[in-house]
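The file protein_16.cif contains mmCIF, C-alpha atoms:
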data_run
loop_
_atom_site.label_atom_id
_atom_site.label_comp_id
_atom_site.auth_asym_id
_atom_site.auth_seq_id
_atom_site.Cartn_x
_atom_site.Cartn_y
_atom_site.Cartn_z
CA MET A 1 12.88 -11.94 27.22
CA ALA A 2 9.87 -9.74 26.55
CA GLY A 3 8.26 -10.00 23.13
CA THR A 4 7.73 -6.96 20.92
CA ALA A 5 4.66 -6.40 18.73
CA LEU A 6 5.19 -7.27 15.08
CA ARG A 7 3.22 -5.01 12.72
CA ILE A 8 4.21 -6.68 9.44
CA ALA A 9 2.83 -10.08 10.36
CA GLY A 10 -0.41 -11.49 9.05
CA ARG A 11 -1.61 -11.41 12.65
CA ARG A 12 -0.32 -9.26 15.48
CA LEU A 13 2.24 -11.87 16.36
CA SER A 14 5.12 -11.28 18.75
CA GLN A 15 8.79 -12.00 18.30
CA ARG A 16 11.72 -12.08 20.61
CA SER A 17 14.20 -9.24 20.27
CA GLY A 18 16.70 -9.95 17.55
CA SER A 19 14.73 -12.78 15.95
CA ARG A 20 13.51 -12.71 12.36
CA PRO A 21 9.89 -11.74 11.64
CA PRO A 22 7.72 -14.78 10.91
CA ILE A 23 6.69 -13.39 7.51
CA LEU A 24 9.11 -12.95 4.64
CA LEU A 25 8.53 -10.02 2.26
CA ARG A 26 10.62 -9.21 -0.82
CA GLN A 27 10.01 -6.37 -3.27
CA MET A 28 11.46 -6.91 -6.75
CA PHE A 29 11.59 -4.57 -9.76
CA GLU A 30 11.15 -4.96 -13.51
CA PRO A 31 12.65 -1.87 -15.21
CA VAL A 32 10.88 -1.80 -18.61
CA SER A 33 7.36 -1.49 -17.22
CA CYS A 34 8.55 -0.21 -13.79
CA THR A 35 6.59 -3.04 -12.17
CA TYR A 36 7.03 -4.24 -8.61
CA THR A 37 6.62 -7.96 -7.92
CA TYR A 38 6.18 -9.04 -4.31
CA LEU A 39 7.16 -12.35 -2.72
CA LEU A 40 5.46 -13.20 0.57
CA ALA A 41 6.08 -16.34 2.58
CA ASP A 42 5.50 -17.91 5.97
CA ARG A 43 8.96 -18.73 7.30
CA GLU A 44 7.61 -21.63 9.36
CA SER A 45 5.55 -23.51 6.78
CA ARG A 46 7.62 -22.22 3.79
CA GLU A 47 4.39 -21.58 1.86
CA ALA A 48 4.64 -18.55 -0.42
CA LEU A 49 2.90 -16.46 -3.07
CA LEU A 50 3.95 -13.89 -5.65
CA ILE A 51 1.97 -10.74 -6.46
CA ASP A 52 2.11 -9.28 -10.00
CA PRO A 53 4.92 -11.35 -11.57
CA VAL A 54 6.26 -10.21 -14.95
CA LEU A 55 7.02 -12.65 -17.78
CA GLU A 56 10.61 -11.47 -18.35
CA THR A 57 11.54 -11.71 -14.66
CA ALA A 58 9.66 -14.93 -13.84
CA PRO A 59 12.90 -16.99 -14.01
CA ARG A 60 14.48 -14.61 -11.47
CA ASP A 61 11.48 -14.97 -9.18
CA ALA A 62 11.44 -18.75 -9.48
CA GLN A 63 15.14 -18.90 -8.69
CA LEU A 64 14.64 -16.83 -5.54
CA VAL A 65 11.80 -19.08 -4.42
CA LYS A 66 14.06 -22.10 -4.84
CA GLU A 67 17.05 -20.47 -3.13
CA LEU A 68 14.95 -19.60 -0.09
CA GLY A 69 13.53 -23.11 0.13
CA LEU A 70 9.93 -21.98 -0.38
CA ARG A 71 6.89 -23.68 -1.92
CA LEU A 72 5.07 -21.29 -4.22
CA LEU A 73 1.32 -21.81 -3.96
CA TYR A 74 0.02 -18.89 -6.03
CA ALA A 75 1.00 -16.36 -8.68
CA VAL A 76 -1.50 -13.60 -7.97
CA ASN A 77 -2.41 -10.66 -10.22
CA THR A 78 -3.99 -7.44 -8.96
CA HIS A 79 -5.64 -6.92 -12.38
CA CYS A 80 -5.32 -7.63 -16.10
CA HIS A 81 -2.22 -5.59 -16.90
CA ALA A 82 -1.81 -3.51 -20.06
CA ASP A 83 1.89 -2.65 -19.76
CA HIS A 84 3.42 -6.10 -19.38
CA VAL A 85 2.62 -9.79 -19.78
CA THR A 86 2.09 -11.60 -16.51
CA GLY A 87 4.64 -14.19 -15.44
CA SER A 88 1.92 -16.47 -14.03
CA GLY A 89 1.96 -18.92 -16.91
CA LEU A 90 5.72 -19.38 -16.93
CA LEU A 91 5.82 -19.72 -13.15
CA ARG A 92 3.30 -22.56 -13.35
CA SER A 93 5.78 -24.32 -15.62
CA LEU A 94 8.91 -23.47 -13.62
CA LEU A 95 7.37 -24.28 -10.24
CA PRO A 96 4.82 -27.11 -10.58
CA GLY A 97 2.01 -26.78 -8.07
CA CYS A 98 1.80 -23.01 -8.46
CA GLN A 99 -1.67 -21.76 -9.45
CA SER A 100 -2.56 -18.51 -11.20
CA VAL A 101 -5.05 -16.20 -9.48
CA ILE A 102 -7.03 -13.16 -10.68
CA SER A 103 -10.38 -11.49 -9.97
CA HIS A 104 -13.31 -13.06 -11.82
CA LEU A 105 -14.42 -9.49 -12.73
CA SER A 106 -11.28 -9.18 -14.88
CA GLY A 107 -12.83 -11.59 -17.37
CA ALA A 108 -9.45 -13.34 -17.62
CA GLN A 109 -8.80 -17.05 -17.41
CA ALA A 110 -6.86 -18.41 -14.44
CA ASP A 111 -6.63 -21.48 -12.23
CA LEU A 112 -8.48 -19.66 -9.43
CA HIS A 113 -10.83 -16.69 -9.53
CA ILE A 114 -11.33 -14.44 -6.51
CA GLU A 115 -13.81 -11.78 -5.51
CA ASP A 116 -14.27 -9.10 -2.86
CA GLY A 117 -13.89 -10.55 0.64
CA ASP A 118 -12.03 -13.71 -0.35
CA SER A 119 -8.86 -14.67 1.54
CA ILE A 120 -5.72 -16.17 0.03
CA ARG A 121 -3.95 -18.20 2.69
CA PHE A 122 -0.26 -19.10 2.89
CA GLY A 123 0.86 -20.77 6.09
CA ARG A 124 -0.25 -18.75 9.12
CA PHE A 125 -1.03 -15.71 7.01
CA ALA A 126 -3.69 -14.54 4.59
CA LEU A 127 -4.33 -11.76 2.12
CA GLU A 128 -7.78 -10.21 2.21
CA THR A 129 -9.16 -9.34 -1.23
CA ARG A 130 -10.69 -5.87 -1.55
CA ALA A 131 -12.30 -5.01 -4.88
CA SER A 132 -10.89 -1.65 -5.99
CA PRO A 133 -12.15 -1.10 -9.55
CA GLY A 134 -11.74 2.03 -11.63
CA HIS A 135 -8.40 1.53 -13.35
CA THR A 136 -10.01 -1.66 -14.69
CA PRO A 137 -13.25 -3.35 -13.57
CA GLY A 138 -11.31 -6.29 -12.13
CA CYS A 139 -8.75 -4.45 -9.98
CA VAL A 140 -8.26 -5.69 -6.43
CA THR A 141 -6.15 -4.61 -3.46
CA PHE A 142 -4.63 -7.31 -1.25
CA VAL A 143 -4.45 -6.52 2.48
CA LEU A 144 -2.47 -8.58 4.97
CA ASN A 145 -4.93 -9.83 7.53
CA ASP A 146 -3.76 -7.60 10.39
CA HIS A 147 -4.22 -4.56 8.08
CA SER A 148 -0.55 -3.63 8.39
CA VAL A 149 0.32 -3.94 4.67
CA ALA A 150 -1.66 -3.37 1.47
CA PHE A 151 -0.70 -4.24 -2.10
CA THR A 152 -2.72 -1.76 -4.13
CA GLY A 153 -1.90 -2.70 -7.72
CA ASP A 154 -2.61 0.26 -10.01
CA ALA A 155 -5.55 1.57 -7.99
CA LEU A 156 -3.28 3.60 -5.70
CA LEU A 157 0.30 4.51 -6.57
CA ILE A 158 2.73 6.55 -4.49
CA ARG A 159 1.45 10.13 -4.90
CA GLY A 160 -0.61 9.03 -7.88
CA CYS A 161 -3.03 6.43 -9.22
CA GLY A 162 -3.65 4.28 -12.27
CA ARG A 163 -5.08 5.88 -15.39
CA THR A 164 -8.73 5.41 -16.31
CA ASP A 165 -8.81 6.06 -20.06
CA PHE A 166 -8.76 2.46 -21.34
CA GLN A 167 -9.81 -1.10 -20.35
CA GLN A 168 -13.26 0.13 -19.24
CA GLY A 169 -11.70 2.49 -16.72
CA CYS A 170 -13.82 4.98 -14.76
CA ALA A 171 -12.36 7.87 -12.77
CA LYS A 172 -15.38 8.25 -10.48
CA THR A 173 -15.31 4.53 -9.66
CA LEU A 174 -11.58 4.63 -8.93
CA TYR A 175 -11.95 7.64 -6.61
CA HIS A 176 -14.60 5.88 -4.52
CA SER A 177 -12.66 2.60 -4.52
CA VAL A 178 -9.56 4.22 -3.05
CA HIS A 179 -11.47 6.25 -0.47
CA LYS A 180 -13.71 3.38 0.66
CA LYS A 181 -11.43 0.34 0.35
CA ILE A 182 -7.91 1.70 0.97
CA PHE A 183 -8.12 5.01 2.83
CA THR A 184 -10.26 3.31 5.50
CA LEU A 185 -7.26 1.18 6.53
CA PRO A 186 -5.12 2.28 9.51
CA GLY A 187 -2.97 5.32 8.78
CA ASP A 188 0.28 3.43 9.38
CA CYS A 189 -0.68 0.62 6.99
CA LEU A 190 2.12 0.29 4.45
CA ILE A 191 1.19 0.85 0.80
CA TYR A 192 3.04 -1.23 -1.79
CA PRO A 193 1.96 -0.33 -5.36
CA ALA A 194 2.30 -2.29 -8.60
CA HIS A 195 4.44 0.42 -10.20
CA ASP A 196 6.59 3.42 -9.44
CA TYR A 197 8.24 5.68 -11.99
CA HIS A 198 10.25 7.86 -9.59
CA GLY A 199 12.25 5.37 -7.53
CA LEU A 200 9.88 5.33 -4.54
CA THR A 201 9.23 1.93 -2.99
CA VAL A 202 6.63 2.24 -0.22
CA SER A 203 4.18 4.71 1.29
CA THR A 204 1.49 4.66 3.98
CA VAL A 205 -2.26 5.16 4.00
CA GLU A 206 -1.88 8.39 5.97
CA GLU A 207 0.68 9.78 3.54
CA GLU A 208 -1.53 9.12 0.55
CA ARG A 209 -4.69 10.35 2.32
CA THR A 210 -3.01 13.69 3.01
CA LEU A 211 -0.34 14.11 0.30
CA ASN A 212 -1.60 12.37 -2.86
CA PRO A 213 -2.11 15.31 -5.26
CA ARG A 214 -4.96 13.61 -7.12
CA LEU A 215 -6.85 11.78 -4.40
CA THR A 216 -6.95 14.73 -1.98
CA LEU A 217 -9.14 16.52 -4.55
CA SER A 218 -12.92 16.37 -4.56
CA CYS A 219 -14.41 13.62 -6.70
CA GLU A 220 -15.48 16.16 -9.32
CA GLU A 221 -12.01 17.70 -9.50
CA PHE A 222 -10.42 14.25 -9.64
CA VAL A 223 -12.58 13.24 -12.60
CA LYS A 224 -11.60 16.41 -14.47
CA VAL A 225 -7.90 15.75 -13.89
CA MET A 226 -8.15 12.11 -14.97
CA ASP A 227 -10.16 13.01 -18.07
CA ASN A 228 -7.46 15.42 -19.22
CA LEU A 229 -4.20 13.53 -18.64
CA ASN A 230 -3.71 12.98 -22.39
CA LEU A 231 -1.22 10.17 -21.82
CA PRO A 232 0.24 8.09 -24.67
CA LYS A 233 -1.07 4.59 -25.24
CA PRO A 234 0.88 1.95 -23.26
CA GLN A 235 3.51 0.48 -25.59
CA GLN A 236 2.71 -3.16 -24.83
CA ILE A 237 -1.09 -2.94 -24.56
CA ASP A 238 -1.90 -4.58 -27.93
CA PHE A 239 -0.20 -7.86 -27.05
CA ALA A 240 -0.15 -7.63 -23.22
CA VAL A 241 -3.93 -7.48 -22.72
CA PRO A 242 -4.77 -10.46 -24.99
CA ALA A 243 -2.02 -12.50 -23.35
CA ASN A 244 -3.19 -11.53 -19.88
CA MET A 245 -6.76 -12.47 -20.64
CA ARG A 246 -5.32 -15.98 -20.59
CA CYS A 247 -3.72 -15.12 -17.25
CA GLY A 248 -1.46 -17.96 -16.21
CA VAL A 249 -3.05 -20.54 -18.47
CA GLN A 250 -1.34 -19.35 -21.64
CA ASN A 251 1.49 -21.47 -22.97
CA PRO A 252 4.87 -20.20 -21.76
CA PRO A 253 7.30 -19.12 -24.49
CA SER A 254 9.45 -21.92 -25.92
#
Spell out the structure here as structure tokens.
Amino acid sequence: MAGTALRIAGRRLSQRSGSRPPILLRQMFEPVSCTYTYLLADRESREALLIDPVLETAPRDAQLVKELGLRLLYAVNTHCHADHVTGSGLLRSLLPGCQSVISHLSGAQADLHIEDGDSIRFGRFALETRASPGHTPGCVTFVLNDHSVAFTGDALLIRGCGRTDFQQGCAKTLYHSVHKKIFTLPGDCLIYPAHDYHGLTVSTVEEERTLNPRLTLSCEEFVKVMDNLNLPKPQQIDFAVPANMRCGVQNPPS
């Protein structure tokens, strides 16, 4: 039986018609901060990682990992979050062997620090790390190594982007990060953000390149918009940021 190209794999693998894709991808939601957590795993080796886990939903994520018979290698954060406490620390306790991961430019503690160009491997697959600062200095985008899927954190949201008015944010830096590190990916590359506030779950590079109302502006216009959002302070920032500076190495709650 002829194989068909598989675009969501970490490489351009082929699969027989009707068979399951070799990579497992789950998108999970935390309603208070409207955060998406992503579970990725290699079905063959059972090695897995989580992107942007939330403290309150870490038990849910750990339970899913166990139910699916996976071995969680990493709890990965796209940046030091201001709107929720990461679940990395609790996951290290619930699933021994799991290591916390964050960019070294975040200034946060973790088991492993990554930088632009590093790869995070799980089974046959890998996530390429692309530095995408601007929302915070330590923001990164994770790209599956066939460039079919990108996890953009707060740098690029669906028809929006992360704010730049706290945590050493810079609108000009964010604009260039998105255009150079994300919009250069293939147009059909799927975009999975860290948050969505309107019930949208996924976009593509081409959609955001052409339809994103902020990032289709000139850089100068974008900076003006971002400098005049006048948004309220994130409700959890005062305790979330200090906790997340100890990303994954903080003591889990008793």
Give me the range 131-173 of chain A side of the contact with range 215-238 of chain A, cut-off 12 Å, one line per residue showing its nearest atom pair and distance in Å at one decimal, counting all atoms listed in the file, sorted by chain and residue number, as a Markdown table.
| residue | atom | partner | partner_atom | distance |
| --- | --- | --- | --- | --- |
| A:Gly134 | CA | A:Met226 | CA | 11.2 |
| A:His135 | CA | A:Met226 | CA | 10.7 |
| A:Ala155 | CA | A:Leu215 | CA | 10.9 |
| A:Leu156 | CA | A:Leu215 | CA | 9.0 |
| A:Leu157 | CA | A:Leu215 | CA | 10.4 |
| A:Ile158 | CA | A:Leu215 | CA | 10.9 |
| A:Arg159 | CA | A:Leu215 | CA | 8.5 |
| A:Gly160 | CA | A:Leu215 | CA | 7.7 |
| A:Cys161 | CA | A:Leu215 | CA | 8.2 |
| A:Gly162 | CA | A:Met226 | CA | 9.4 |
| A:Arg163 | CA | A:Met226 | CA | 7.0 |
| A:Thr164 | CA | A:Met226 | CA | 6.9 |
| A:Asp165 | CA | A:Asp227 | CA | 7.4 |
| A:Phe166 | CA | A:Lys233 | CA | 8.9 |
| A:Gln167 | CA | A:Ile237 | CA | 9.9 |
| A:Gly169 | CA | A:Met226 | CA | 10.4 |
| A:Cys170 | CA | A:Val223 | CA | 8.6 |
| A:Ala171 | CA | A:Val223 | CA | 5.4 |
| A:Lys172 | CA | A:Val223 | CA | 6.1 |
| A:Thr173 | CA | A:Val223 | CA | 9.6 |
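Close contacts of Glu44 in chain A, defined as residues with an atom at most 12 Å away when counting all atoms listed in the file, with chain neighbours fewer than 3 positions off set aside, comprise A:Arg20, A:Pro21, A:Pro22, A:Ile23, A:Leu24, A:Ala41, A:Glu47, A:Ala48, A:Gly69, A:Leu70, A:Arg71, A:Phe122, A:Gly123, A:Arg124, A:Phe125.
Proximity to Asp42 in chain A was assessed for A:Ala126, A:Pro59, A:Leu94, A:Ala108 counting all atoms listed in the file; the smallest distance is recorded for A:Ala126.
Note that CA of Asp61 in chain A and CA of Leu91 in chain A are 8.4 Å apart.
Among the candidates A:Thr129, A:Phe239, A:Leu55, A:Ile114, the one nearest to Arg92 in chain A when counting only C-alpha atoms is A:Leu55.
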**Contacts of His198 in chain A within 10 Å, only C-alpha atoms, excl. fewer than 3 positions in-chain, as a PyMOL selection string** = chain A and resi 34+158+195+201
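Residues with any atom within 7 Å of Asp111 in chain A, counting all atoms listed in the file and excluding same-chain neighbours fewer than 6 positions away, are Gln99, Ser100 and Val101 of chain A.
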Considering only C-alpha atoms, return as a PDB file with C-alpha atoms, keeping the file's coordinate frame whatever protein or nucleic-acid residues lie within 12 Å of Val149 in chain A, sequence-local ones (same chain, fewer than 2 positions apart) excluded.
ATOM      1  CA  LEU A   6       5.190  -7.270  15.080  1.00  0.00           C
ATOM      2  CA  ARG A   7       3.220  -5.010  12.720  1.00  0.00           C
ATOM      3  CA  ILE A   8       4.210  -6.680   9.440  1.00  0.00           C
ATOM      4  CA  ALA A   9       2.830 -10.080  10.360  1.00  0.00           C
ATOM      5  CA  GLY A  10      -0.410 -11.490   9.050  1.00  0.00           C
ATOM      6  CA  ARG A  11      -1.610 -11.410  12.650  1.00  0.00           C
ATOM      7  CA  ILE A  23       6.690 -13.390   7.510  1.00  0.00           C
ATOM      8  CA  LEU A  25       8.530 -10.020   2.260  1.00  0.00           C
ATOM      9  CA  TYR A  38       6.180  -9.040  -4.310  1.00  0.00           C
ATOM     10  CA  LEU A  40       5.460 -13.200   0.570  1.00  0.00           C
ATOM     11  CA  ALA A 126      -3.690 -14.540   4.590  1.00  0.00           C
ATOM     12  CA  LEU A 127      -4.330 -11.760   2.120  1.00  0.00           C
ATOM     13  CA  GLU A 128      -7.780 -10.210   2.210  1.00  0.00           C
ATOM     14  CA  THR A 141      -6.150  -4.610  -3.460  1.00  0.00           C
ATOM     15  CA  PHE A 142      -4.630  -7.310  -1.250  1.00  0.00           C
ATOM     16  CA  VAL A 143      -4.450  -6.520   2.480  1.00  0.00           C
ATOM     17  CA  LEU A 144      -2.470  -8.580   4.970  1.00  0.00           C
ATOM     18  CA  ASN A 145      -4.930  -9.830   7.530  1.00  0.00           C
ATOM     19  CA  ASP A 146      -3.760  -7.600  10.390  1.00  0.00           C
ATOM     20  CA  HIS A 147      -4.220  -4.560   8.080  1.00  0.00           C
ATOM     21  CA  PHE A 151      -0.700  -4.240  -2.100  1.00  0.00           C
ATOM     22  CA  THR A 152      -2.720  -1.760  -4.130  1.00  0.00           C
ATOM     23  CA  ILE A 182      -7.910   1.700   0.970  1.00  0.00           C
ATOM     24  CA  LEU A 185      -7.260   1.180   6.530  1.00  0.00           C
ATOM     25  CA  PRO A 186      -5.120   2.280   9.510  1.00  0.00           C
ATOM     26  CA  GLY A 187      -2.970   5.320   8.780  1.00  0.00           C
ATOM     27  CA  ASP A 188       0.280   3.430   9.380  1.00  0.00           C
ATOM     28  CA  CYS A 189      -0.680   0.620   6.990  1.00  0.00           C
ATOM     29  CA  LEU A 190       2.120   0.290   4.450  1.00  0.00           C
ATOM     30  CA  ILE A 191       1.190   0.850   0.800  1.00  0.00           C
ATOM     31  CA  TYR A 192       3.040  -1.230  -1.790  1.00  0.00           C
ATOM     32  CA  PRO A 193       1.960  -0.330  -5.360  1.00  0.00           C
ATOM     33  CA  VAL A 202       6.630   2.240  -0.220  1.00  0.00           C
ATOM     34  CA  SER A 203       4.180   4.710   1.290  1.00  0.00           C
ATOM     35  CA  THR A 204       1.490   4.660   3.980  1.00  0.00           C
ATOM     36  CA  VAL A 205      -2.260   5.160   4.000  1.00  0.00           C
TER      37      VAL A 205
END
re CA of Leu95 in chain A and CA of Leu72 in chain A: distance 7.1 Å
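With distances restricted to all atoms listed in the file, A:Pro31 is the closest residue to Asp196 in chain A from A:Pro31, A:His84, A:Gly89, A:Arg26.
Distances to Ala75 in chain A were evaluated for A:Leu112, A:Ile120, A:Leu90, A:Cys98 using only C-alpha atoms, and the minimum falls at A:Cys98.
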